[in-house]
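Trainee: Contents of work_26.txt (compact mmCIF, C-alpha atoms) are below:
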```
# COMPACT_ATOMS: atom_id res chain seq x y z
CA MET G 976 0.00 0.00 0.00
CA ASN G 977 1.31 3.44 -0.94
CA ASP G 978 1.54 6.26 1.56
CA ASP G 979 -1.41 8.02 -0.11
CA THR G 980 -3.79 5.02 -0.26
CA TYR G 981 -5.70 3.65 2.70
CA ASP G 982 -7.71 0.83 4.17
CA VAL G 983 -11.14 2.03 5.31
CA HIS G 984 -13.35 0.35 7.90
CA ALA G 985 -16.94 1.08 8.92
CA ILE G 986 -17.56 0.18 12.57
CA ARG G 987 -21.15 -0.27 13.68
CA TYR G 988 -21.71 0.79 17.27
CA GLY G 989 -25.46 1.31 17.59
CA ARG G 990 -28.92 1.02 16.08
CA VAL G 991 -32.50 2.21 16.41
CA ASP G 992 -35.72 0.78 15.02
CA ARG G 993 -37.59 3.21 12.78
CA THR G 994 -40.12 3.10 9.98
CA ALA G 995 -39.52 4.28 6.44
CA ALA G 996 -42.06 7.08 6.89
CA GLU G 997 -40.06 8.44 9.85
CA ASN G 998 -36.87 8.61 7.83
CA PHE G 999 -37.95 10.95 5.03
CA LEU G 1000 -38.88 14.61 5.09
CA GLY G 1001 -42.45 15.40 4.07
CA PRO G 1002 -45.33 13.13 3.07
CA CYS G 1003 -44.27 9.63 2.17
CA ALA G 1004 -46.30 6.74 0.83
CA CYS G 1005 -43.56 4.40 2.06
CA ASP G 1006 -44.22 2.05 4.92
CA GLY G 1007 -42.59 -0.75 6.84
CA PRO G 1008 -39.49 -1.04 9.01
CA MET G 1009 -36.36 0.92 8.09
CA PRO G 1010 -33.90 0.74 10.99
CA MET G 1011 -30.85 2.95 11.30
CA ASP G 1012 -27.36 1.80 12.16
CA TYR G 1013 -24.75 4.08 13.71
CA PHE G 1014 -21.15 4.00 12.50
CA VAL G 1015 -17.74 5.48 13.03
CA TRP G 1016 -15.01 4.99 10.43
CA VAL G 1017 -11.28 4.35 10.45
CA VAL G 1018 -8.99 5.40 7.59
CA ALA G 1019 -5.49 3.98 7.97
CA ASN G 1020 -2.24 3.04 6.28
CA ARG G 1021 1.30 2.51 7.55
CA GLN G 1022 1.86 6.25 7.91
CA ARG G 1023 -1.26 7.46 9.70
CA THR G 1024 -4.60 6.58 11.25
CA VAL G 1025 -7.57 8.93 10.99
CA VAL G 1026 -10.82 8.33 12.85
CA VAL G 1027 -13.95 9.79 11.26
CA ASP G 1028 -16.62 10.75 13.80
CA THR G 1029 -16.74 9.64 17.41
CA GLY G 1030 -20.27 8.34 18.07
CA PHE G 1031 -22.24 8.56 21.31
CA GLY G 1032 -22.02 6.91 24.70
CA PRO G 1033 -24.48 5.21 27.07
CA ASP G 1034 -25.98 8.43 28.46
CA GLN G 1035 -27.20 9.63 25.08
CA ALA G 1036 -28.29 6.11 24.17
CA ARG G 1037 -30.57 6.00 27.21
CA LEU G 1038 -31.83 9.54 26.70
CA ARG G 1039 -32.68 9.02 23.04
CA GLY G 1040 -33.84 5.40 23.08
CA ARG G 1041 -30.91 4.09 21.05
CA THR G 1042 -29.14 0.76 21.49
CA ILE G 1043 -25.36 0.56 21.68
CA THR G 1044 -24.51 -2.71 19.95
CA ARG G 1045 -20.78 -2.47 20.74
CA PRO G 1046 -19.16 0.57 22.39
CA VAL G 1047 -17.09 2.78 20.12
CA PRO G 1048 -13.78 2.08 21.93
CA ASP G 1049 -14.29 -1.67 21.48
CA GLY G 1050 -14.86 -1.24 17.76
CA LEU G 1051 -11.76 0.87 17.34
CA ARG G 1052 -9.63 -1.64 19.21
CA ALA G 1053 -11.10 -4.43 17.05
CA VAL G 1054 -9.27 -2.89 14.08
CA GLY G 1055 -6.12 -2.20 16.05
CA VAL G 1056 -6.76 1.42 17.01
CA ASP G 1057 -6.14 2.71 20.53
CA PRO G 1058 -8.18 5.94 20.86
CA SER G 1059 -5.56 7.49 23.17
CA GLU G 1060 -2.96 7.16 20.41
CA VAL G 1061 -5.00 8.66 17.56
CA ASP G 1062 -3.51 11.86 16.17
CA ASP G 1063 -6.37 13.02 13.93
CA VAL G 1064 -10.16 12.87 14.10
CA VAL G 1065 -12.45 14.26 11.41
CA LEU G 1066 -15.88 15.37 12.61
CA THR G 1067 -18.32 15.38 9.72
CA HIS G 1068 -20.70 17.51 11.80
CA LEU G 1069 -21.51 18.00 15.48
CA HIS G 1070 -24.73 16.07 16.05
CA TYR G 1071 -24.81 13.87 19.15
CA ASP G 1072 -24.18 10.65 17.21
CA HIS G 1073 -21.10 12.02 15.47
CA ALA G 1074 -19.36 14.18 18.07
CA GLY G 1075 -19.71 12.48 21.45
CA ASN G 1076 -16.88 10.63 23.16
CA LEU G 1077 -14.38 13.40 22.38
CA GLY G 1078 -12.54 12.68 25.62
CA LEU G 1079 -11.48 9.25 24.34
CA PHE G 1080 -9.01 10.94 22.01
CA ASP G 1081 -6.92 12.72 24.56
CA HIS G 1082 -4.26 14.18 22.28
CA ALA G 1083 -5.87 14.16 18.82
CA THR G 1084 -6.44 17.16 16.59
CA PHE G 1085 -10.09 17.49 15.53
CA HIS G 1086 -10.89 18.59 11.98
CA VAL G 1087 -14.27 20.33 11.56
CA GLN G 1088 -15.86 22.93 9.32
CA GLU G 1089 -15.92 26.45 10.77
CA ARG G 1090 -19.45 26.86 9.40
CA GLU G 1091 -20.61 23.87 11.45
CA VAL G 1092 -19.25 25.34 14.68
CA HIS G 1093 -20.91 28.69 13.98
CA PHE G 1094 -24.18 26.91 13.24
CA ALA G 1095 -24.03 24.71 16.34
CA VAL G 1096 -23.48 27.57 18.78
CA GLY G 1097 -25.29 30.38 16.95
CA PRO G 1098 -28.84 31.69 16.49
CA ALA G 1099 -30.02 28.55 14.68
CA MET G 1100 -29.95 26.75 18.02
CA THR G 1101 -32.90 28.81 19.27
CA ASP G 1102 -34.98 26.55 17.00
CA PRO G 1103 -35.74 23.30 18.89
CA GLY G 1104 -36.03 21.42 15.63
CA ARG G 1105 -32.41 22.20 14.83
CA SER G 1106 -30.93 22.13 18.32
CA SER G 1107 -32.37 18.83 19.49
CA ALA G 1108 -29.70 16.77 17.74
CA TYR G 1109 -26.86 18.67 19.42
CA VAL G 1110 -25.58 18.06 22.95
CA PRO G 1111 -24.42 21.24 24.75
CA ASP G 1112 -21.80 19.32 26.73
CA ASP G 1113 -20.27 18.00 23.49
CA LEU G 1114 -20.14 21.51 22.08
CA ALA G 1115 -18.57 22.81 25.30
CA ALA G 1116 -15.94 20.06 25.05
CA LEU G 1117 -15.14 21.22 21.53
CA VAL G 1118 -14.78 24.82 22.69
CA HIS G 1119 -12.23 23.66 25.28
CA LEU G 1120 -10.38 21.87 22.50
CA VAL G 1121 -10.37 25.06 20.41
CA HIS G 1122 -8.75 26.90 23.29
CA GLY G 1123 -6.30 24.02 23.69
CA ARG G 1124 -5.17 24.52 20.05
CA ARG G 1125 -6.50 21.09 19.13
CA VAL G 1126 -9.09 22.05 16.51
CA HIS G 1127 -8.35 22.59 12.86
CA PHE G 1128 -11.01 24.49 10.94
CA CYS G 1129 -11.17 22.91 7.50
CA GLY G 1130 -11.51 24.68 4.21
CA PRO G 1131 -14.54 23.90 2.03
CA ASP G 1132 -12.39 21.63 -0.16
CA GLU G 1133 -9.18 20.73 1.59
CA GLU G 1134 -6.68 17.91 1.36
CA LEU G 1135 -5.90 17.09 4.97
CA PHE G 1136 -3.28 14.47 4.12
CA PRO G 1137 -2.11 12.86 0.90
CA GLY G 1138 -5.11 10.85 -0.31
CA ILE G 1139 -7.57 12.22 2.28
CA SER G 1140 -9.68 15.32 1.60
CA VAL G 1141 -12.77 16.91 3.11
CA HIS G 1142 -15.54 18.68 1.21
CA LEU G 1143 -18.20 20.99 2.60
CA VAL G 1144 -21.65 19.83 1.48
CA GLY G 1145 -24.06 21.32 4.02
CA GLY G 1146 -27.70 20.37 3.67
CA HIS G 1147 -28.12 18.08 6.66
CA THR G 1148 -26.54 20.78 8.85
CA ALA G 1149 -24.99 24.03 7.71
CA GLY G 1150 -21.46 22.63 8.01
CA THR G 1151 -21.73 18.95 7.14
CA GLN G 1152 -18.59 17.73 5.37
CA VAL G 1153 -17.82 14.49 3.56
CA ILE G 1154 -14.48 12.67 3.36
CA ARG G 1155 -12.91 11.45 0.14
CA VAL G 1156 -10.34 8.72 0.60
CA ARG G 1157 -7.99 7.22 -1.96
CA THR G 1158 -8.01 3.42 -1.78
CA ALA G 1159 -6.25 0.81 -3.89
CA GLY G 1160 -9.49 0.45 -5.85
CA GLY G 1161 -10.03 4.18 -6.39
CA PRO G 1162 -11.67 7.03 -4.47
CA LEU G 1163 -14.22 6.25 -1.76
CA LEU G 1164 -16.57 8.83 -0.28
CA LEU G 1165 -17.67 8.64 3.35
CA ALA G 1166 -20.90 10.60 3.05
CA SER G 1167 -21.85 10.46 6.72
CA ASP G 1168 -25.16 12.30 7.05
CA ALA G 1169 -25.01 13.92 3.65
CA ALA G 1170 -26.79 10.65 2.83
CA HIS G 1171 -28.17 8.55 5.66
CA PHE G 1172 -29.33 5.73 3.36
CA TYR G 1173 -28.72 4.54 -0.18
CA ALA G 1174 -32.42 5.35 -0.68
CA ASN G 1175 -31.78 9.07 -0.12
CA MET G 1176 -29.64 9.18 -3.23
CA GLN G 1177 -31.59 6.66 -5.28
CA GLN G 1178 -35.02 8.20 -4.60
CA ARG G 1179 -33.87 11.82 -4.25
CA ARG G 1180 -35.58 12.08 -0.86
CA VAL G 1181 -33.89 13.81 2.06
CA PHE G 1182 -33.74 12.59 5.64
CA ALA G 1183 -36.29 13.90 8.12
CA VAL G 1184 -33.73 16.06 9.97
CA THR G 1185 -32.43 18.41 7.29
CA HIS G 1186 -31.33 22.04 7.51
CA ASP G 1187 -31.47 22.83 3.77
CA PRO G 1188 -33.32 20.24 1.63
CA GLU G 1189 -32.53 21.89 -1.70
CA GLN G 1190 -28.83 21.92 -0.93
CA LEU G 1191 -28.97 18.24 -0.09
CA LEU G 1192 -30.86 17.36 -3.26
CA ASP G 1193 -28.20 19.17 -5.25
CA ALA G 1194 -25.57 17.14 -3.40
CA TYR G 1195 -27.29 13.91 -4.49
CA ALA G 1196 -27.45 15.04 -8.09
CA ARG G 1197 -24.04 16.64 -8.52
CA ARG G 1198 -21.77 17.22 -5.55
CA LEU G 1199 -21.40 13.67 -4.21
CA PRO G 1200 -21.23 11.84 -7.57
CA GLY G 1201 -18.66 14.37 -8.75
CA LEU G 1202 -16.21 13.24 -6.08
CA VAL G 1203 -16.07 9.56 -7.04
CA ASP G 1204 -15.89 7.34 -10.11
CA SER G 1205 -19.18 5.51 -9.46
CA PRO G 1206 -22.24 6.01 -7.24
CA GLU G 1207 -21.33 2.69 -5.64
CA ASP G 1208 -18.30 4.43 -4.14
CA ILE G 1209 -20.52 6.67 -1.96
CA VAL G 1210 -20.98 5.16 1.51
CA PRO G 1211 -24.08 6.40 3.40
CA GLY G 1212 -23.81 7.15 7.08
CA HIS G 1213 -26.57 5.06 8.66
CA ASP G 1214 -27.69 2.35 6.26
CA PRO G 1215 -27.61 -1.26 7.59
CA LEU G 1216 -27.00 -2.32 3.98
CA VAL G 1217 -23.40 -1.11 4.32
CA LEU G 1218 -22.62 -4.26 6.31
CA HIS G 1219 -24.09 -6.34 3.48
CA HIS G 1220 -22.49 -4.50 0.57
CA TYR G 1221 -18.94 -4.69 1.92
CA PRO G 1222 -17.06 -7.72 3.21
CA THR G 1223 -16.51 -8.29 6.88
CA ALA G 1224 -13.07 -7.17 7.98
CA LYS G 1225 -12.45 -10.50 9.77
CA PRO G 1226 -14.76 -13.47 10.36
CA HIS G 1227 -15.24 -12.72 14.06
CA LEU G 1228 -16.26 -9.13 13.21
CA ASP G 1229 -19.29 -10.12 11.12
CA GLY G 1230 -22.17 -7.69 11.62
CA TRP G 1231 -19.82 -5.27 13.33
CA VAL G 1232 -16.95 -4.12 11.09
CA ALA G 1233 -16.95 -3.88 7.29
CA GLN G 1234 -13.86 -3.32 5.15
CA LEU G 1235 -14.98 -0.61 2.74
CA SER G 1236 -11.70 -0.47 0.85
CA ALA G 1237 -12.26 -4.07 -0.28
CA GLY G 1238 -14.96 -2.83 -2.64
CA PHE G 1239 -18.74 -2.74 -3.02
CA ARG G 1240 -20.45 -6.02 -3.80
CA VAL G 1241 -23.95 -6.85 -5.03
CA ARG G 1242 -25.61 -9.58 -3.01
CA SER G 1243 -27.05 -12.58 -4.81
CA ASP G 1244 -30.61 -11.63 -3.83
CA GLU G 1245 -30.16 -8.22 -5.54
CA ARG G 1246 -29.02 -9.53 -8.93
```
Is it possible to express this structure as structure tokens?

Mentor:
Amino acid sequence: MNDDTYDVHAIRYGRVDRTAAENFLGPCACDGPMPMDYFVWVVANRQRTVVVDTGFGPDQARLRGRTITRPVPDGLRAVGVDPSEVDDVVLTHLHYDHAGNLGLFDHATFHVQEREVHFAVGPAMTDPGRSSAYVPDDLAALVHLVHGRRVHFCGPDEELFPGISVHLVGGHTAGTQVIRVRTAGGPLLLASDAAHFYANMQQRRVFAVTHDPEQLLDAYARRLPGLVDSPEDIVPGHDPLVLHHYPTAKPHLDGWVAQLSAGFRVRSDER
């Protein structure tokens, strides 16, 4: 593996049962179960390890009726990552399920969009519909990190390291960013909540919690596909199908950790 190509793992740490109608903004004729999985991601090669998003812990799980399937630290260690030794963490945005557990990474630099920080602590938070997905204690922890010189405010299109770049998309929140990673098989896009499910992109329907629907629809049509070679290279942030479309990292990690850099696969029941 070259110094600018990476292995990428998706680590499932939680889930919640939902219906399809709950997952889309506006009227929806859809029905039936459509659960959400919760993931963090690890991008690594022999030179560096980058964690993407940090998940939530047991307090938020209890408060919000979510189930932690395996704690985030266990998932990281399952792929050989000690959180206390991680140098860099990318936060795609600051919702509770993406920016909790910051204290696990006790010397990392956190990479976040300036627009997201302004949004998360500014006038938009007077709207309960926008503020409910943020945790004030998580935001306070980030402010302490800013003052500790441990936050890097990313540019709208910035290469953080050779083969790893971030791209401001917005839509879901004002400062949502996606991560483009060079793998041996080509570029891979960790969409996080720019696309919760494959269905968001396929049906051009946005998730129920969305700051700017038109911006997100434009991302589905142009912005996200423009960053990869194929739509199959876009990995949604909460879709249980991710664990079916990518091989298990190791046999004992089945249903827990997928190796995204091994490539998308079509299951036999989808042919």

Trainee: Please produce, as a tab-separated table, a per-residue contact table for segment 980-1079 of chain G versus segment 1199-1216 of chain G (criterion: any atom at most 8 Å away, only C-alpha atoms considered), showing the nearest atom pair and its distance in Å to one decimal, sorted by chain then residue number.

Mentor:
```
residue	atom	partner	partner_atom	distance
G:Pro1010	CA	G:Pro1215	CA	7.4
G:Met1011	CA	G:His1213	CA	5.5
G:Asp1012	CA	G:His1213	CA	4.8
G:Tyr1013	CA	G:His1213	CA	5.5
G:Phe1014	CA	G:His1213	CA	6.7
```

Trainee: When you count all atoms listed in the file, which of these residues is closest to Gly1150 of chain G: G:His1219, G:Arg1052, G:His1186, G:Arg1198?

Mentor: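 Among G:His1219, G:Arg1052, G:His1186, G:Arg1198, it is G:His1186 that comes nearest to Gly1150 of chain G.
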
Trainee: To one decimal place, how far is atom CA of Pro1046 of chain G from atom CA of Tyr988 of chain G in Å?

Mentor: 5.7 Å

Trainee: Please measure the separation of atom CA of Ile1154 of chain G and atom CA of Asn977 of chain G, giving the value in Å to one decimal.

Mentor: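 It comes out at 18.8 Å.
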
Trainee: Write out as an MDAnalysis selection string the residues lying within 12 Å of Val1144 of chain G, counting only C-alpha atoms and excluding same-chain residues fewer than 4 positions away.

Mentor: chainID G and resid 1067:1068 1088 1090:1091 1130:1132 1148:1154 1166:1170 1186:1195 1197:1199 1201:1202

Trainee: Between atom CA of Phe1031 of chain G and atom CA of Ala1224 of chain G, measure the distance and give it in Å to one decimal.

Mentor: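 Computing it gives 22.6 Å between the two atoms.
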
Trainee: Would you list the contacts of Cys1129 of chain G as an MDAnalysis selection string, taking every protein, DNA or RNA residue within 7 Å and counting only C-alpha atoms, but skipping same-chain residues closer than 2 positions in sequence?

Mentor: chainID G and resid 1086:1089 1127 1131 1133

Trainee: Hey, which of G:Gly1146, G:Gly1075, G:Pro1048, G:Gly989 ends up closest to Asp1112 of chain G? Count only C-alpha atoms.

Mentor: G:Gly1075

Trainee: Restricting the calculation to all atoms listed in the file, which member of G:Leu1069, G:Val1181, G:Val1047, G:Val1054 is positioned closest to Val1096 of chain G?

Mentor: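 Answer, going by the shortest atom-to-atom distance: G:Leu1069.
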
Trainee: Which residue is closest to Gln1178 of chain G? Choose from G:Leu1164, G:Ser1107, G:Ala1196, G:Phe1094 and count only C-alpha atoms.

Mentor: G:Ala1196

Trainee: So that each row is one residue of segment 1003-1117 of chain G with an atom at most 10 Å from segment 1227-1242 of chain G, can you give its shortest atom pair and the distance in Å to one decimal, using all atoms listed in the file, rows by chain and rising number, as JSON lines?

Mentor:
```
{"residue": "G:Phe1014", "atom": "CA", "partner": "G:Val1232", "partner_atom": "CA", "distance": 9.2}
{"residue": "G:Val1015", "atom": "CA", "partner": "G:Val1232", "partner_atom": "CA", "distance": 9.8}
{"residue": "G:Trp1016", "atom": "CA", "partner": "G:Val1232", "partner_atom": "CA", "distance": 9.3}
{"residue": "G:Val1017", "atom": "CA", "partner": "G:Gln1234", "partner_atom": "CA", "distance": 9.7}
{"residue": "G:Val1018", "atom": "CA", "partner": "G:Ser1236", "partner_atom": "CA", "distance": 9.3}
{"residue": "G:Thr1044", "atom": "CA", "partner": "G:Trp1231", "partner_atom": "CA", "distance": 8.5}
{"residue": "G:Arg1045", "atom": "CA", "partner": "G:Trp1231", "partner_atom": "CA", "distance": 8.0}
{"residue": "G:Gly1050", "atom": "CA", "partner": "G:Val1232", "partner_atom": "CA", "distance": 7.6}
{"residue": "G:Leu1051", "atom": "CA", "partner": "G:Val1232", "partner_atom": "CA", "distance": 9.5}
{"residue": "G:Ala1053", "atom": "CA", "partner": "G:Leu1228", "partner_atom": "CA", "distance": 8.0}
{"residue": "G:Val1054", "atom": "CA", "partner": "G:Val1232", "partner_atom": "CA", "distance": 8.3}
```

Trainee: Name the residues in contact with Asp1034 of chain G at a cut-off of 12 Å, using only C-alpha atoms, excluding same-chain residues fewer than 5 positions from it; report them as a VMD selection string.

Mentor: chain G and resid 1039 to 1043 1071 to 1072 1075 to 1076 1110 1112

Trainee: Nearest to Ala1083 of chain G among G:Leu1135, G:Val1061, G:Ala1159, G:Ala996, with distances taken over only C-alpha atoms: which residue is it?

Mentor: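 Smallest separation from Ala1083 of chain G among the options: G:Val1061.
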
Trainee: Quick one: axis-aligned box around all listed atoms of segment 1030-1035 of chain G, 4 Å on every side, centre and edge lengths in Å to one decimal, written as AutoDock Vina command-line options.

Mentor:
```
--center_x -23.7 --center_y 7.4 --center_z 23.3 --size_x 14.9 --size_y 12.4 --size_z 18.4
```

Trainee: Under the rule that all atoms listed in the file are counted, which of G:Pro1137, G:Pro1222, G:Pro1058, G:Gly1097 is the nearest residue to Leu1077 of chain G?

Mentor: G:Pro1058

Trainee: Just want the 12 Å neighbourhood of Leu1120 of chain G, counted on all atoms listed in the file, with same-chain residues fewer than 3 positions away dropped. Output as a list of chain:residue names.

Mentor: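 Counting only the stated atoms, we get G:Leu1077, G:Gly1078, G:Phe1080, G:Asp1081, G:His1082, G:Ala1083, G:Thr1084, G:Phe1085, G:His1086, G:Val1087, G:Asp1113, G:Leu1114, G:Ala1115, G:Ala1116, G:Leu1117, G:Gly1123, G:Arg1124, G:Arg1125, G:Val1126, G:His1127, G:Phe1128.
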
Trainee: Using C-alpha atoms, can you write the selected residues to a file as a compact mmCIF listing (two decimals), in the coordinates of the input?

Mentor:
```txt
# COMPACT_ATOMS: atom_id res chain seq x y z
CA LEU G 1077 -14.38 13.40 22.38
CA GLY G 1078 -12.54 12.68 25.62
CA PHE G 1080 -9.01 10.94 22.01
CA ASP G 1081 -6.92 12.72 24.56
CA HIS G 1082 -4.26 14.18 22.28
CA ALA G 1083 -5.87 14.16 18.82
CA THR G 1084 -6.44 17.16 16.59
CA PHE G 1085 -10.09 17.49 15.53
CA HIS G 1086 -10.89 18.59 11.98
CA VAL G 1087 -14.27 20.33 11.56
CA ASP G 1113 -20.27 18.00 23.49
CA LEU G 1114 -20.14 21.51 22.08
CA ALA G 1115 -18.57 22.81 25.30
CA ALA G 1116 -15.94 20.06 25.05
CA LEU G 1117 -15.14 21.22 21.53
CA GLY G 1123 -6.30 24.02 23.69
CA ARG G 1124 -5.17 24.52 20.05
CA ARG G 1125 -6.50 21.09 19.13
CA VAL G 1126 -9.09 22.05 16.51
CA HIS G 1127 -8.35 22.59 12.86
CA PHE G 1128 -11.01 24.49 10.94
```

Trainee: With all atoms listed in the file as the counted atoms, please give the residues lying no more than 7 Å from Ala1183 of chain G, apart from itself and same-chain residues fewer than 5 positions off, as a list in words.

Mentor: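 That gives Glu997, Asn998, Phe999 and Leu1000 of chain G.
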